[in-house]
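Shown below: start25.txt, with compact mmCIF, N, CA and C atoms.
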# COMPACT_ATOMS: atom_id res chain seq x y z
N PRO Q 1233 91.02 109.90 78.97
CA PRO Q 1233 90.71 111.23 79.51
C PRO Q 1233 91.73 112.29 79.10
N PHE Q 1234 92.98 111.90 78.90
CA PHE Q 1234 94.00 112.87 78.50
C PHE Q 1234 93.74 113.40 77.10
N ILE Q 1235 93.39 112.53 76.19
CA ILE Q 1235 93.12 112.97 74.81
C ILE Q 1235 91.95 113.94 74.79
N ALA Q 1236 90.92 113.65 75.55
CA ALA Q 1236 89.75 114.54 75.61
C ALA Q 1236 90.12 115.90 76.21
N ALA Q 1237 91.17 115.94 77.02
CA ALA Q 1237 91.60 117.18 77.68
C ALA Q 1237 92.77 117.85 76.97
N ALA Q 1238 92.97 117.53 75.71
CA ALA Q 1238 94.13 118.05 74.98
C ALA Q 1238 94.26 119.57 75.05
N GLN Q 1239 93.13 120.28 74.98
CA GLN Q 1239 93.16 121.74 75.00
C GLN Q 1239 92.61 122.30 76.31
N ALA Q 1240 92.54 121.45 77.30
CA ALA Q 1240 91.98 121.86 78.60
C ALA Q 1240 92.91 122.83 79.32
N PRO Q 1241 92.37 123.60 80.27
CA PRO Q 1241 93.21 124.49 81.05
C PRO Q 1241 94.20 123.68 81.91
N PRO Q 1242 95.31 124.30 82.29
CA PRO Q 1242 96.33 123.59 83.06
C PRO Q 1242 95.81 122.92 84.33
N ASP Q 1243 94.87 123.53 85.01
CA ASP Q 1243 94.35 122.93 86.25
C ASP Q 1243 93.67 121.58 85.99
N THR Q 1244 93.00 121.47 84.86
CA THR Q 1244 92.37 120.19 84.50
C THR Q 1244 93.42 119.13 84.24
N LEU Q 1245 94.47 119.51 83.51
CA LEU Q 1245 95.55 118.56 83.23
C LEU Q 1245 96.28 118.18 84.51
N LYS Q 1246 96.44 119.14 85.40
CA LYS Q 1246 97.10 118.87 86.68
C LYS Q 1246 96.32 117.80 87.45
N THR Q 1247 95.01 117.90 87.45
CA THR Q 1247 94.16 116.92 88.12
C THR Q 1247 94.33 115.54 87.49
N LEU Q 1248 94.36 115.49 86.16
CA LEU Q 1248 94.54 114.21 85.47
C LEU Q 1248 95.91 113.60 85.77
N VAL Q 1249 96.94 114.43 85.78
CA VAL Q 1249 98.29 113.94 86.06
C VAL Q 1249 98.36 113.35 87.47
N LYS Q 1250 97.72 114.00 88.42
CA LYS Q 1250 97.72 113.50 89.80
C LYS Q 1250 97.04 112.14 89.93
N GLN Q 1251 96.19 111.78 88.97
CA GLN Q 1251 95.49 110.50 89.01
C GLN Q 1251 96.31 109.35 88.43
N LEU Q 1252 97.43 109.68 87.79
CA LEU Q 1252 98.30 108.65 87.23
C LEU Q 1252 98.97 107.86 88.35
N PRO Q 1253 99.32 106.61 88.08
CA PRO Q 1253 100.12 105.86 89.06
C PRO Q 1253 101.43 106.61 89.33
N PRO Q 1254 101.98 106.52 90.54
CA PRO Q 1254 103.18 107.30 90.90
C PRO Q 1254 104.34 107.16 89.91
N LEU Q 1255 104.64 105.97 89.46
CA LEU Q 1255 105.77 105.79 88.54
C LEU Q 1255 105.50 106.50 87.22
N ASN Q 1256 104.29 106.34 86.68
CA ASN Q 1256 103.95 107.02 85.42
C ASN Q 1256 104.00 108.53 85.59
N ARG Q 1257 103.50 109.02 86.72
CA ARG Q 1257 103.51 110.47 86.99
C ARG Q 1257 104.94 111.00 87.06
N ARG Q 1258 105.82 110.29 87.74
CA ARG Q 1258 107.22 110.74 87.83
C ARG Q 1258 107.90 110.73 86.47
N CYS Q 1259 107.66 109.68 85.70
CA CYS Q 1259 108.26 109.60 84.35
C CYS Q 1259 107.77 110.74 83.46
N LEU Q 1260 106.47 110.97 83.48
CA LEU Q 1260 105.91 112.06 82.68
C LEU Q 1260 106.46 113.41 83.14
N HIS Q 1261 106.57 113.59 84.44
CA HIS Q 1261 107.09 114.84 84.99
C HIS Q 1261 108.52 115.09 84.50
N LYS Q 1262 109.38 114.08 84.62
CA LYS Q 1262 110.78 114.26 84.21
C LYS Q 1262 110.88 114.50 82.69
N LEU Q 1263 110.07 113.80 81.91
CA LEU Q 1263 110.10 114.01 80.46
C LEU Q 1263 109.64 115.42 80.12
N MET Q 1264 108.56 115.88 80.74
CA MET Q 1264 108.08 117.24 80.48
C MET Q 1264 109.08 118.28 80.96
N GLU Q 1265 109.79 117.99 82.03
CA GLU Q 1265 110.84 118.89 82.50
C GLU Q 1265 111.92 119.05 81.42
N LEU Q 1266 112.32 117.94 80.83
CA LEU Q 1266 113.32 117.97 79.76
C LEU Q 1266 112.79 118.69 78.53
N LEU Q 1267 111.54 118.40 78.15
CA LEU Q 1267 110.97 119.04 76.97
C LEU Q 1267 110.74 120.53 77.19
N ASP Q 1268 110.37 120.91 78.41
CA ASP Q 1268 110.21 122.33 78.74
C ASP Q 1268 111.56 123.05 78.59
N ALA Q 1269 112.61 122.44 79.11
CA ALA Q 1269 113.95 123.04 78.99
C ALA Q 1269 114.37 123.14 77.52
N THR Q 1270 114.03 122.14 76.74
CA THR Q 1270 114.35 122.15 75.30
C THR Q 1270 113.57 123.26 74.59
N ALA Q 1271 112.29 123.39 74.90
CA ALA Q 1271 111.45 124.41 74.27
C ALA Q 1271 111.94 125.82 74.61
N LYS Q 1272 112.47 126.00 75.80
CA LYS Q 1272 112.98 127.31 76.20
C LYS Q 1272 114.21 127.72 75.41
N ARG Q 1273 114.83 126.78 74.73
CA ARG Q 1273 116.00 127.06 73.90
C ARG Q 1273 115.65 126.98 72.40
N ALA Q 1274 114.40 127.22 72.07
CA ALA Q 1274 113.92 127.08 70.70
C ALA Q 1274 114.63 128.01 69.72
N ASP Q 1275 115.14 129.14 70.20
CA ASP Q 1275 115.86 130.05 69.30
C ASP Q 1275 117.09 129.38 68.71
N SER Q 1276 117.73 128.52 69.48
CA SER Q 1276 118.94 127.88 68.98
C SER Q 1276 118.71 126.46 68.46
N ASN Q 1277 117.68 125.77 68.96
CA ASN Q 1277 117.50 124.38 68.53
C ASN Q 1277 116.31 124.17 67.59
N LYS Q 1278 115.54 125.22 67.32
CA LYS Q 1278 114.38 125.16 66.41
C LYS Q 1278 113.32 124.16 66.88
N MET Q 1279 113.21 123.95 68.19
CA MET Q 1279 112.24 123.01 68.72
C MET Q 1279 111.34 123.68 69.77
N PRO Q 1280 110.41 124.52 69.31
CA PRO Q 1280 109.44 125.08 70.26
C PRO Q 1280 108.48 123.97 70.73
N ALA Q 1281 107.64 124.29 71.67
CA ALA Q 1281 106.73 123.30 72.26
C ALA Q 1281 105.89 122.59 71.19
N LYS Q 1282 105.42 123.32 70.19
CA LYS Q 1282 104.59 122.71 69.14
C LYS Q 1282 105.35 121.62 68.40
N ASN Q 1283 106.59 121.88 68.02
CA ASN Q 1283 107.40 120.87 67.32
C ASN Q 1283 107.65 119.66 68.22
N LEU Q 1284 107.94 119.93 69.49
CA LEU Q 1284 108.16 118.83 70.44
C LEU Q 1284 106.88 118.02 70.63
N GLY Q 1285 105.75 118.70 70.63
CA GLY Q 1285 104.46 118.01 70.73
C GLY Q 1285 104.24 117.06 69.56
N ILE Q 1286 104.63 117.49 68.37
CA ILE Q 1286 104.50 116.65 67.18
C ILE Q 1286 105.41 115.43 67.28
N VAL Q 1287 106.64 115.64 67.73
CA VAL Q 1287 107.59 114.54 67.82
C VAL Q 1287 107.21 113.54 68.90
N PHE Q 1288 106.81 114.04 70.07
CA PHE Q 1288 106.59 113.16 71.21
C PHE Q 1288 105.14 112.76 71.44
N GLY Q 1289 104.19 113.44 70.79
CA GLY Q 1289 102.78 113.17 71.03
C GLY Q 1289 102.37 111.72 70.85
N ALA Q 1290 102.69 111.15 69.72
CA ALA Q 1290 102.29 109.77 69.45
C ALA Q 1290 103.07 108.76 70.28
N VAL Q 1291 104.23 109.16 70.75
CA VAL Q 1291 105.06 108.26 71.56
C VAL Q 1291 104.54 108.19 72.99
N ILE Q 1292 104.16 109.32 73.55
CA ILE Q 1292 103.74 109.38 74.94
C ILE Q 1292 102.32 108.85 75.11
N ILE Q 1293 101.42 109.25 74.23
CA ILE Q 1293 100.02 108.85 74.34
C ILE Q 1293 99.76 107.79 73.29
N LYS Q 1294 99.66 106.55 73.73
CA LYS Q 1294 99.45 105.46 72.80
C LYS Q 1294 98.10 104.82 73.04
N LYS Q 1295 97.42 104.53 71.95
CA LYS Q 1295 96.17 103.78 72.02
C LYS Q 1295 96.55 102.32 71.79
N GLN Q 1296 96.03 101.45 72.61
CA GLN Q 1296 96.36 100.04 72.46
C GLN Q 1296 95.74 99.48 71.19
N GLY Q 1297 96.48 98.60 70.58
CA GLY Q 1297 96.00 97.96 69.37
C GLY Q 1297 96.12 98.86 68.14
N ASP Q 1298 95.50 98.41 67.07
CA ASP Q 1298 95.52 99.15 65.81
C ASP Q 1298 94.62 100.37 65.92
N ILE Q 1299 95.15 101.56 65.59
CA ILE Q 1299 94.34 102.76 65.72
C ILE Q 1299 93.32 102.91 64.60
N GLY Q 1300 93.55 102.30 63.47
CA GLY Q 1300 92.60 102.36 62.37
C GLY Q 1300 92.39 103.77 61.85
N ILE Q 1301 91.48 103.92 60.93
CA ILE Q 1301 91.18 105.21 60.31
C ILE Q 1301 90.67 106.21 61.32
N GLU Q 1302 89.73 105.79 62.19
CA GLU Q 1302 89.19 106.73 63.18
C GLU Q 1302 90.25 107.19 64.17
N GLY Q 1303 91.24 106.36 64.41
CA GLY Q 1303 92.31 106.72 65.33
C GLY Q 1303 93.21 107.82 64.78
N LEU Q 1304 93.26 107.94 63.48
CA LEU Q 1304 94.09 108.98 62.88
C LEU Q 1304 93.63 110.37 63.30
N ALA Q 1305 92.34 110.51 63.55
CA ALA Q 1305 91.80 111.80 63.98
C ALA Q 1305 92.33 112.17 65.37
N LEU Q 1306 92.73 111.18 66.14
CA LEU Q 1306 93.25 111.44 67.49
C LEU Q 1306 94.67 111.99 67.48
N ILE Q 1307 95.36 111.80 66.38
CA ILE Q 1307 96.77 112.19 66.33
C ILE Q 1307 96.95 113.68 66.63
N SER Q 1308 96.15 114.55 66.05
CA SER Q 1308 96.30 115.98 66.31
C SER Q 1308 96.02 116.29 67.78
N SER Q 1309 95.09 115.56 68.39
CA SER Q 1309 94.82 115.76 69.81
C SER Q 1309 96.03 115.34 70.65
N MET Q 1310 96.71 114.29 70.24
CA MET Q 1310 97.91 113.85 70.95
C MET Q 1310 98.98 114.94 70.92
N TYR Q 1311 99.17 115.51 69.73
CA TYR Q 1311 100.15 116.59 69.59
C TYR Q 1311 99.77 117.78 70.46
N GLU Q 1312 98.49 118.14 70.41
CA GLU Q 1312 98.02 119.29 71.19
C GLU Q 1312 98.18 119.05 72.69
N LEU Q 1313 97.92 117.83 73.12
CA LEU Q 1313 98.06 117.51 74.54
C LEU Q 1313 99.49 117.67 75.00
N VAL Q 1314 100.43 117.10 74.27
CA VAL Q 1314 101.83 117.20 74.68
C VAL Q 1314 102.31 118.65 74.61
N THR Q 1315 101.89 119.38 73.60
CA THR Q 1315 102.23 120.80 73.51
C THR Q 1315 101.70 121.54 74.73
N ASN Q 1316 100.47 121.26 75.11
CA ASN Q 1316 99.85 121.89 76.28
C ASN Q 1316 100.62 121.54 77.55
N LEU Q 1317 101.01 120.28 77.70
CA LEU Q 1317 101.79 119.87 78.88
C LEU Q 1317 103.12 120.60 78.95
N ILE Q 1318 103.76 120.79 77.79
CA ILE Q 1318 105.05 121.49 77.76
C ILE Q 1318 104.86 122.97 78.06
N GLU Q 1319 103.92 123.60 77.37
CA GLU Q 1319 103.73 125.04 77.53
C GLU Q 1319 103.29 125.41 78.95
N ASN Q 1320 102.63 124.52 79.63
CA ASN Q 1320 102.13 124.80 80.98
C ASN Q 1320 102.83 123.93 82.03
N TYR Q 1321 104.05 123.54 81.73
CA TYR Q 1321 104.81 122.64 82.59
C TYR Q 1321 104.84 123.10 84.05
N SER Q 1322 105.22 124.33 84.30
CA SER Q 1322 105.39 124.79 85.69
C SER Q 1322 104.05 124.79 86.45
N THR Q 1323 102.96 125.09 85.77
CA THR Q 1323 101.64 125.09 86.43
C THR Q 1323 101.16 123.67 86.70
N ILE Q 1324 101.37 122.79 85.75
CA ILE Q 1324 100.87 121.41 85.87
C ILE Q 1324 101.72 120.58 86.82
N PHE Q 1325 103.04 120.72 86.72
CA PHE Q 1325 103.93 119.84 87.47
C PHE Q 1325 104.64 120.52 88.63
N GLY Q 1326 105.05 121.78 88.45
CA GLY Q 1326 105.84 122.42 89.48
C GLY Q 1326 107.23 121.77 89.54
N PRO Q 1327 108.03 122.13 90.55
CA PRO Q 1327 109.36 121.54 90.64
C PRO Q 1327 109.28 120.04 90.94
N PHE Q 1328 110.22 119.30 90.38
CA PHE Q 1328 110.23 117.84 90.55
C PHE Q 1328 110.60 117.49 91.98
N GLN Q 1329 109.80 116.60 92.56
CA GLN Q 1329 110.08 116.09 93.90
C GLN Q 1329 109.93 114.57 93.85
N PRO Q 1330 111.06 113.86 93.94
CA PRO Q 1330 111.02 112.39 93.78
C PRO Q 1330 110.15 111.69 94.77
How does this structure look as structure tokens?
Amino acid sequence: PFIAAAQAPPDTLKTLVKQLPPLNRRCLHKLMELLDATAKRADSNKMPAKNLGIVFGAVIIKKQGDIGIEGLALISSMYELVTNLIENYSTIFGPFQP
């Protein structure tokens, strides 16, 4: 469902995030908090949300097993999803509450 929602509005992603198991949700929240802070310093570190999405997209969203040729088409969606999560961090996650 996350890959299909790669370009979805923040409210849709927020709903999907809330459906994750608590541990996964907390881990994703903390990672996005770090990536959001990194993206906000893009002037000095050259890592805007899009670049971070490229770096972390395939790591965060993994398809089990061999992705094969058809799976390669999903890679851009993975990047877009992580970029969307970073760019809309405050709307999707809000402040971290353990």
For this session: Rounded to one decimal place, report the atom CA of Ser1276 of chain Q-atom CA of Arg1257 of chain Q distance in Å.
Result: 29.4 Å
For this session: Mind listing whatever residues come within 6.5 Å of the point (106.2, 123.0, 77.6)? Use all atoms listed in the file, file coordinates, and give them as a ChimeraX atom specification.
Result: /Q:1264,1267-1268,1271,1281,1315-1321
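Proximity ranking of Q:Leu1245, Q:Val1314, Q:Cys1259, Q:Leu1266 relative to Asn1283 of chain Q places Q:Val1314 first, based on only C-alpha atoms.
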Problem set entry | d(atom CA of Asn1277 of chain Q, atom CA of Ile1235 of chain Q) in Å | 27.6 Å
For this session: Report as an MDAnalysis selection string: the residues of segment 1234-1329 of chain Q with a DSSP assignment of alpha helix (DSSP H), based on the backbone of this structure.
Result: chainID Q and resid 1242:1250 1254:1271 1274:1277 1281:1292 1300:1304 1306:1319 1321:1324
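Remark: for Gly1289 of chain Q, the closest of the candidate residues Q:Ala1237, Q:Pro1242, Q:His1261, Q:Leu1306 is Q:Leu1306 (distances computed over only C-alpha atoms).
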Seminar exercise, completed: Using all atoms listed in the file, the shortest atom-to-atom distance to Ala1236 of chain Q among Q:Met1310, Q:Ile1286, Q:Pro1280, Q:Pro1327 belongs to Q:Met1310
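What separates atom N of Ile1307 of chain Q from atom C of Ile1324 of chain Q is a distance of 23.1 Å.
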For this session: Select, from Q:Ala1290, Q:Leu1260, Q:Gly1326, Q:Lys1278, the residue with the minimum atom-to-atom distance to Ser1309 of chain Q, counting only N, CA and C atoms.
Result: Q:Ala1290
Seminar exercise, completed: Residue with the minimum atom-to-atom distance to Phe1234 of chain Q, picked from Q:Leu1313, Q:Ala1274, Q:Leu1255, Q:Met1279 with only C-alpha atoms counted, is Q:Leu1313
